[in-house]
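Data file: structure_11.txt. Format and content: compact mmCIF, C-alpha atoms and all ligand atoms.
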# COMPACT_ATOMS: atom_id res chain seq x y z
CA MET A 1 84.84 95.15 104.75
CA PRO A 2 85.08 93.09 101.53
CA LEU A 3 83.32 94.79 98.65
CA ASN A 4 80.11 93.18 97.36
CA ILE A 5 81.28 93.38 93.76
CA LYS A 6 81.70 90.35 91.51
CA ILE A 7 83.48 90.21 88.21
CA VAL A 8 81.69 87.99 85.70
CA LEU A 9 83.56 86.66 82.65
CA ILE A 10 81.50 85.26 79.81
CA LYS A 11 82.75 82.29 77.84
CA THR A 12 86.43 83.16 78.21
CA TRP A 13 88.42 81.34 75.56
CA HIS A 14 91.95 81.69 76.91
CA PRO A 15 92.58 80.25 80.41
CA GLY A 16 95.59 82.57 80.82
CA ASN A 17 93.16 85.49 80.78
CA ILE A 18 91.19 83.97 83.65
CA GLY A 19 94.36 83.73 85.75
CA ALA A 20 95.41 87.27 84.84
CA VAL A 21 91.93 88.55 85.78
CA ALA A 22 92.17 86.84 89.19
CA ARG A 23 95.49 88.55 89.81
CA ALA A 24 94.26 91.95 88.64
CA MET A 25 91.27 91.61 90.98
CA LYS A 26 93.26 90.55 94.04
CA ASN A 27 95.79 93.34 93.52
CA MET A 28 92.87 95.75 93.76
CA GLY A 29 91.07 94.12 96.68
CA LEU A 30 88.27 92.32 94.80
CA HIS A 31 87.57 88.66 95.56
CA GLN A 32 84.43 87.43 93.84
CA LEU A 33 85.07 85.92 90.41
CA ALA A 34 82.30 84.20 88.43
CA LEU A 35 82.72 82.40 85.12
CA VAL A 36 79.95 81.74 82.64
CA ASP A 37 80.60 78.65 80.52
CA PRO A 38 84.42 78.98 80.35
CA VAL A 39 86.03 77.16 77.41
CA ASP A 40 88.97 75.73 79.39
CA PHE A 41 88.78 75.82 83.18
CA PRO A 42 90.22 74.69 85.61
CA SER A 43 93.53 74.92 83.83
CA GLU A 44 97.20 74.94 84.70
CA GLU A 45 97.71 78.03 82.62
CA ALA A 46 95.08 79.95 84.58
CA THR A 47 96.80 78.94 87.82
CA ASN A 48 100.20 79.97 86.48
CA ARG A 49 98.98 83.39 85.43
CA ALA A 50 97.18 84.03 88.72
CA GLY A 51 100.38 84.58 90.75
CA GLN A 52 99.31 84.70 94.39
CA ALA A 53 95.65 84.99 93.52
CA THR A 54 95.01 81.25 93.19
CA ASP A 55 92.57 81.46 96.12
CA LEU A 56 90.24 83.42 93.83
CA LEU A 57 90.40 80.57 91.31
CA GLU A 58 89.69 78.01 94.05
CA ASN A 59 86.60 79.96 95.13
CA VAL A 60 85.42 80.77 91.63
CA GLU A 61 81.73 80.27 90.87
CA VAL A 62 80.96 78.65 87.51
CA PHE A 63 77.54 79.11 85.85
CA SER A 64 76.12 77.96 82.56
CA THR A 65 74.26 81.20 81.83
CA LEU A 66 74.67 84.91 82.60
CA ALA A 67 71.15 84.98 84.06
CA GLU A 68 72.21 82.50 86.76
CA ALA A 69 75.46 84.36 87.48
CA ILE A 70 73.66 87.64 88.12
CA ALA A 71 70.45 86.32 89.69
CA ASP A 72 71.50 87.62 93.14
CA CYS A 73 72.58 91.07 91.90
CA THR A 74 70.80 94.40 92.33
CA MET A 75 73.04 96.26 89.89
CA VAL A 76 74.65 94.85 86.75
CA VAL A 77 77.14 96.70 84.56
CA GLY A 78 78.04 95.38 81.09
CA THR A 79 81.40 96.37 79.62
CA SER A 80 82.00 97.02 75.96
CA ALA A 81 84.72 98.48 73.79
CA ARG A 82 82.13 99.76 71.37
CA ASP A 83 79.08 101.98 71.69
CA ARG A 84 76.00 99.86 71.51
CA THR A 85 72.84 100.67 69.65
CA LEU A 86 70.94 99.61 72.76
CA LYS A 87 70.45 102.66 74.88
CA LEU A 88 71.64 101.75 78.30
CA PRO A 89 72.90 104.59 80.46
CA SER A 90 76.61 104.68 79.96
CA LEU A 91 79.39 105.02 82.54
CA THR A 92 83.12 105.68 82.43
CA ALA A 93 85.48 103.56 84.53
CA GLN A 94 85.53 106.33 87.12
CA THR A 95 81.80 107.07 87.32
CA CYS A 96 81.12 103.32 87.35
CA ALA A 97 83.49 102.87 90.30
CA GLU A 98 81.90 105.68 92.27
CA GLN A 99 78.43 104.28 91.70
CA VAL A 100 79.18 100.61 92.41
CA VAL A 101 81.11 101.43 95.59
CA GLU A 102 78.01 103.19 96.84
CA GLU A 103 75.48 100.60 95.64
CA GLN A 104 77.38 97.54 96.89
CA GLU A 105 76.59 98.59 100.44
CA ALA A 106 72.92 97.80 99.81
CA GLY A 107 73.21 94.81 97.47
CA GLN A 108 75.38 92.59 95.28
CA VAL A 109 76.85 94.28 92.20
CA ALA A 110 78.18 92.53 89.07
CA ILE A 111 80.45 93.84 86.33
CA VAL A 112 80.26 91.67 83.25
CA PHE A 113 83.06 91.18 80.69
CA GLY A 114 82.60 89.62 77.26
CA ARG A 115 84.31 87.07 75.06
CA GLU A 116 87.80 87.86 73.74
CA ARG A 117 86.65 87.85 70.12
CA MET A 118 82.96 88.67 70.23
CA GLY A 119 82.44 90.71 73.39
CA LEU A 120 78.94 90.61 74.87
CA HIS A 121 75.93 89.52 72.85
CA ASN A 122 72.99 91.88 72.70
CA ASP A 123 70.80 89.60 74.82
CA GLU A 124 73.51 89.75 77.49
CA ILE A 125 73.77 93.55 77.35
CA GLN A 126 69.98 93.60 77.74
CA GLN A 127 70.36 91.97 81.15
CA CYS A 128 72.47 94.89 82.40
CA HIS A 129 71.42 98.18 83.97
CA PHE A 130 74.40 100.19 82.71
CA GLN A 131 77.10 99.90 80.12
CA LEU A 132 80.71 100.79 80.80
CA ASN A 133 83.12 101.90 78.15
CA ILE A 134 86.79 102.45 78.98
CA ASP A 135 88.00 105.51 77.11
CA ALA A 136 90.83 104.57 74.75
CA ASN A 137 92.41 105.29 71.37
CA PRO A 138 89.48 105.51 68.91
CA ASP A 139 91.63 103.74 66.29
CA TYR A 140 92.06 100.74 68.60
CA PRO A 141 89.92 100.89 71.75
CA VAL A 142 89.75 97.12 72.38
CA LEU A 143 91.75 96.18 75.48
CA ASN A 144 92.90 92.73 76.43
CA LEU A 145 90.24 91.22 78.73
CA SER A 146 92.40 91.13 81.87
CA GLN A 147 93.68 94.64 81.27
CA ALA A 148 90.12 95.90 80.99
CA VAL A 149 89.38 94.20 84.33
CA GLN A 150 92.55 95.78 85.76
CA ILE A 151 91.46 99.31 84.91
CA VAL A 152 87.93 98.85 86.18
CA SER A 153 89.19 97.25 89.43
CA TYR A 154 91.77 99.98 89.97
CA GLU A 155 89.09 102.66 89.72
CA ILE A 156 86.99 100.70 92.23
CA PHE A 157 89.97 100.45 94.56
CA LYS A 158 90.53 104.22 94.40
CA ALA A 159 86.83 105.01 94.83
CA SER A 160 86.52 102.73 97.86
CA LYS A 161 89.51 104.33 99.55
CA PHE A 162 88.00 107.74 98.93
CA ALA A 163 84.68 106.56 100.37
CA GLN A 164 86.44 105.30 103.53
CA ASN A 165 88.05 108.69 104.04
CA LYS A 166 84.77 110.54 103.76
CA PRO A 167 83.44 111.82 107.07
CA THR A 168 80.47 109.86 108.39
CA ASN A 169 77.39 111.40 109.99
CA ASN A 170 79.13 110.91 113.33
CA SER A 171 81.96 113.19 112.36
CA PRO A 172 80.88 115.74 109.76
CA TYR A 173 83.03 118.52 108.41
CA PRO A 174 82.81 121.90 110.15
CA LEU A 175 81.13 124.90 108.55
CA ASN A 176 83.42 127.30 106.82
CA SER A 177 82.59 129.89 109.49
CA GLU A 178 83.82 127.44 112.16
CA LEU A 179 87.03 126.85 110.24
CA THR A 180 87.54 130.62 109.99
CA LEU A 181 87.01 130.99 113.76
CA PHE A 182 89.62 128.28 114.30
CA GLN A 183 92.07 130.11 112.05
CA GLU A 184 91.57 133.36 113.97
CA HIS A 185 92.10 131.48 117.20
CA LEU A 186 95.27 129.91 115.78
CA GLN A 187 96.63 133.25 114.65
CA GLN A 188 95.89 134.84 118.04
CA THR A 189 97.56 131.94 119.87
CA MET A 190 100.63 132.15 117.67
CA THR A 191 101.12 135.77 118.79
CA ASP A 192 100.09 135.12 122.42
CA ILE A 193 102.72 132.44 122.90
CA GLY A 194 105.39 134.47 121.09
CA PHE A 195 105.69 132.20 118.07
CA THR A 196 104.98 135.11 115.72
CA ASN A 197 105.37 138.84 116.13
CA GLU A 198 102.10 140.72 115.62
CA LYS A 199 103.91 143.54 113.80
CA HIS A 200 105.94 141.24 111.53
CA PRO A 201 103.82 138.13 111.19
CA GLY A 202 105.65 136.69 108.15
CA LEU A 203 104.12 133.84 106.16
CA ALA A 204 103.98 131.15 108.83
CA PHE A 205 100.29 131.68 109.48
CA ASP A 206 99.43 131.53 105.77
CA HIS A 207 101.24 128.21 105.48
CA LEU A 208 99.37 126.78 108.47
CA LYS A 209 96.08 128.09 107.09
CA ALA A 210 96.76 126.17 103.88
CA LEU A 211 97.74 123.07 105.87
CA TYR A 212 94.45 123.01 107.81
CA ARG A 213 92.39 123.60 104.66
CA ARG A 214 94.13 120.75 102.92
CA ALA A 215 93.75 118.37 105.83
CA ARG A 216 89.99 118.98 106.06
CA PRO A 217 89.65 118.32 109.78
CA THR A 218 86.27 117.04 110.98
CA LYS A 219 84.18 118.97 113.52
CA LYS A 220 85.51 116.73 116.25
CA GLU A 221 89.16 117.19 115.24
CA LEU A 222 88.64 120.93 115.02
CA SER A 223 87.20 121.04 118.51
CA ILE A 224 90.25 119.14 119.84
CA LEU A 225 92.50 121.68 118.13
CA ARG A 226 90.51 124.55 119.69
CA GLY A 227 90.95 122.95 123.12
CA PHE A 228 94.66 122.60 122.45
CA LEU A 229 94.94 126.30 121.52
CA ASN A 230 93.02 127.30 124.68
CA ALA A 231 95.47 125.33 126.82
CA ALA A 232 98.46 126.85 125.02
CA GLN A 233 97.08 130.36 125.59
CA LYS A 234 96.51 129.70 129.32
CA ASN A 235 100.09 128.60 129.75
N1 LIG A 301 85.58 92.38 69.68
C1 LIG A 301 85.06 92.55 71.00
C2 LIG A 301 86.19 92.85 71.95
C3 LIG A 301 86.18 92.02 73.09
S1 LIG A 301 87.49 92.38 74.16
C4 LIG A 301 84.08 93.69 71.04
O1 LIG A 301 84.14 94.51 70.16
O2 LIG A 301 83.30 93.80 71.96
C5 LIG A 301 86.98 91.41 75.55
C6 LIG A 301 86.23 92.14 76.61
O3 LIG A 301 87.10 93.07 77.26
C7 LIG A 301 85.05 92.97 76.16
O4 LIG A 301 83.90 92.18 75.96
C8 LIG A 301 84.89 93.90 77.34
O5 LIG A 301 84.27 93.21 78.39
C9 LIG A 301 86.34 94.18 77.71
N2 LIG A 301 86.85 95.39 77.06
C10 LIG A 301 87.87 95.48 76.15
N3 LIG A 301 88.08 96.77 75.82
C11 LIG A 301 87.18 97.51 76.52
C12 LIG A 301 86.90 98.90 76.59
N4 LIG A 301 87.56 99.83 75.89
N5 LIG A 301 85.90 99.30 77.44
C13 LIG A 301 85.22 98.41 78.16
N6 LIG A 301 85.44 97.08 78.12
C14 LIG A 301 86.42 96.63 77.31
Show me, as C-alpha cells, the structure contained in the file I just sent.
Amino acid sequence: MPLNIKIVLIKTWHPGNIGAVARAMKNMGLHQLALVDPVDFPSEEATNRAGQATDLLENVEVFSTLAEAIADCTMVVGTSARDRTLKLPSLTAQTCAEQVVEEQEAGQVAIVFGRERMGLHNDEIQQCHFQLNIDANPDYPVLNLSQAVQIVSYEIFKASKFAQNKPTNNSPYPLNSELTLFQEHLQQTMTDIGFTNEKHPGLAFDHLKALYRRARPTKKELSILRGFLNAAQKN
C-alpha cells in the first residue's frame, strides 16, 4: 500500500535539490512530491539529479501557497534546523516517522521543508501541527535540503516496515504463559524423540528457547508448532 505521506518543498531555489529530493523519496518508497512556488521548475538539472525518480517529477503537484498544498492534510509537520520560539510539539526524525506511519492510515499527512537560505517563515510554521528537528552537530545543524528529506524518508521507511511486521488483531502474540508451555512441550519432545538425553541435556534447548523468543511467533504460528510437536511425539 503506498503511504499517504507527501513531501512539500517551499520556494526551493536550486532545481538540483528538487531532483535530489525526488530520488531520496523514491529510494525510500515515498511518491507524493508537492512544490510551493519553486524558483526554477521544471528544469533539466532537476531531471538530471533525480536519477530513476523522474516519474515523481512528472507527477509533482505545484501550488502557489502552502495553505493550498496542505488543504487536504489531516496532519502537517514542519521541519526546522533551529528551535522555534513558537511552541509546537516537537518530534525527532524517529518519533515523527512512527507517528506519521500510523496517522497516514486515516488521512493525508504532509511534511514541509523550507527554503535553502531562510527555512520556513513563522506564518508557515503556524500552519503545522508539529515541528521536526533532525538532531545534528550543534555547531552546524543545518543539513542540505535533500539530505534532510533523505533522513526523514529513511526513518519513515524503517517505521513502515516495522508496522507491517507487527501482528494484527487476527494474529496476536501469545501470552508469555503460552510461550512457556510451548517451550516445555519442545523440551519434552526433544527427549521423547531421542534428540537430547534427559540426563545430559546440553545447551541445545537453551539455544532453541532463545531462537523462539527472538522470532516472536504469533498465536497461530505457535499452535502450528504445538501440533508439529504432538505429531513428532506420536511417531
Ligand atoms: N537557514 C535555514 C536553513 C534552511 S535548510 C534555517 O535556519 O532554517 C533548508 C531546509 O532543510 C530547512 O528549512 C528544513 O526544512 C531542512 N533542514 C535542514 N536541516 C535540518 C535539521 N537539522 N532538522 C530539520 N530540518 C532540517
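Shortest separation to Tyr173 (chain A) among A:Ala46, A:Leu35, A:Ala81, A:Ala215 occurs at residue A:Ala215, atoms counted being only C-alpha atoms.
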Using all atoms listed in the file, tabulate the residues of chain A lying at most 9 Å from any atom of ligand LIG 301 (chain A), each with its closest atom pair and that distance in Å to one decimal, by chain and increasing residue number, as CSV.
residue,atom,partner,partner_atom,distance
A:Leu9,CA,A:LIG301,O5,7.8
A:Ile10,CA,A:LIG301,O4,8.3
A:Thr12,CA,A:LIG301,C5,8.7
A:Gly78,CA,A:LIG301,O5,7.1
A:Thr79,CA,A:LIG301,N6,4.4
A:Ser80,CA,A:LIG301,N6,4.1
A:Ala81,CA,A:LIG301,C12,3.6
A:Arg82,CA,A:LIG301,O1,5.8
A:Thr92,CA,A:LIG301,N5,8.6
A:Ala93,CA,A:LIG301,C13,8.2
A:Ile111,CA,A:LIG301,O5,8.8
A:Val112,CA,A:LIG301,O5,6.5
A:Phe113,CA,A:LIG301,O5,3.3
A:Gly114,CA,A:LIG301,O4,3.2
A:Arg115,CA,A:LIG301,C5,5.1
A:Glu116,CA,A:LIG301,C5,4.1
A:Arg117,CA,A:LIG301,N1,4.7
A:Met118,CA,A:LIG301,C1,4.5
A:Gly119,CA,A:LIG301,O4,3.3
A:Leu120,CA,A:LIG301,O4,5.3
A:His121,CA,A:LIG301,O2,8.6
A:Gln131,CA,A:LIG301,C13,8.5
A:Leu132,CA,A:LIG301,C13,5.7
A:Asn133,CA,A:LIG301,N5,3.9
A:Ile134,CA,A:LIG301,N5,3.6
A:Asp135,CA,A:LIG301,N4,5.8
A:Ala136,CA,A:LIG301,N4,5.9
A:Asn137,CA,A:LIG301,N4,8.6
A:Tyr140,CA,A:LIG301,N4,8.6
A:Pro141,CA,A:LIG301,N4,4.9
A:Val142,CA,A:LIG301,N3,3.8
A:Leu143,CA,A:LIG301,N3,3.7
A:Asn144,CA,A:LIG301,C10,5.7
A:Leu145,CA,A:LIG301,O3,3.9
A:Ser146,CA,A:LIG301,O3,7.3
A:Gln147,CA,A:LIG301,C10,7.8
A:Ala148,CA,A:LIG301,N2,5.1
A:Val149,CA,A:LIG301,C9,7.3
A:Val152,CA,A:LIG301,C13,8.5
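In this structure, CA of Ile156 (chain A) sits 24.9 Å away from CA of His14 (chain A).
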Using CA of Ala22 (chain A) and CA of Ala53 (chain A) as the two end points, give the distance in Å to one decimal. 5.9 Å
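In this structure, CA of Lys209 (chain A) sits 6.7 Å away from CA of Gln183 (chain A).
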Hey, what's within 10 Å of Gln104 (chain A) if we count all atoms listed in the file and toss same-chain stuff fewer than 2 positions away? As a list in words, please? Leu3, Asn4, Ile5, Lys6, Cys73, Thr74, Met75, Gln99, Val100, Val101, Glu102, Ala106, Gly107, Gln108, Val109 and Ala110 of chain A
Choose the residue, out of A:Glu178, A:Asp40, A:Glu155, A:Asp206, that has the smallest atom-to-atom separation from Ser223 (chain A); count all atoms listed in the file. A:Glu178
Between A:Glu184, A:Glu61, A:Glu98, A:Asp139, which is the closest to Leu229 (chain A) once you count only C-alpha atoms? A:Glu184
Find the residues near Tyr212 (chain A): any atom within 12 Å, counting all atoms listed in the file, skip ones fewer than 5 places away on the same chain, and give them as a PyMOL selection string. chain A and resi 174+176+179-180+182-183+186+205-207+217-218+221-222+225
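Among the candidate residues A:Cys96, A:Leu175, A:Ile193, A:Leu66, the one lying nearest to Ala231 (chain A) is A:Ile193, with distances computed using only C-alpha atoms.
Take the candidates A:Asn235, A:Glu103, A:Lys158, A:Ala71 and check each one against Gln127 (chain A) using only C-alpha atoms; the shortest distance goes to A:Ala71.
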Could you pull the residues within 8 Å of Gly29 (chain A), counting all atoms listed in the file, minus those fewer than 4 positions along the same chain, as a list in words? Pro2, Met25 and Phe157 of chain A
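Of the residues listed (A:Val62, A:Ala34, A:Val8, A:Met28), A:Val8 shows the shortest atom-to-atom separation from Cys128 (chain A); distances use all atoms listed in the file.
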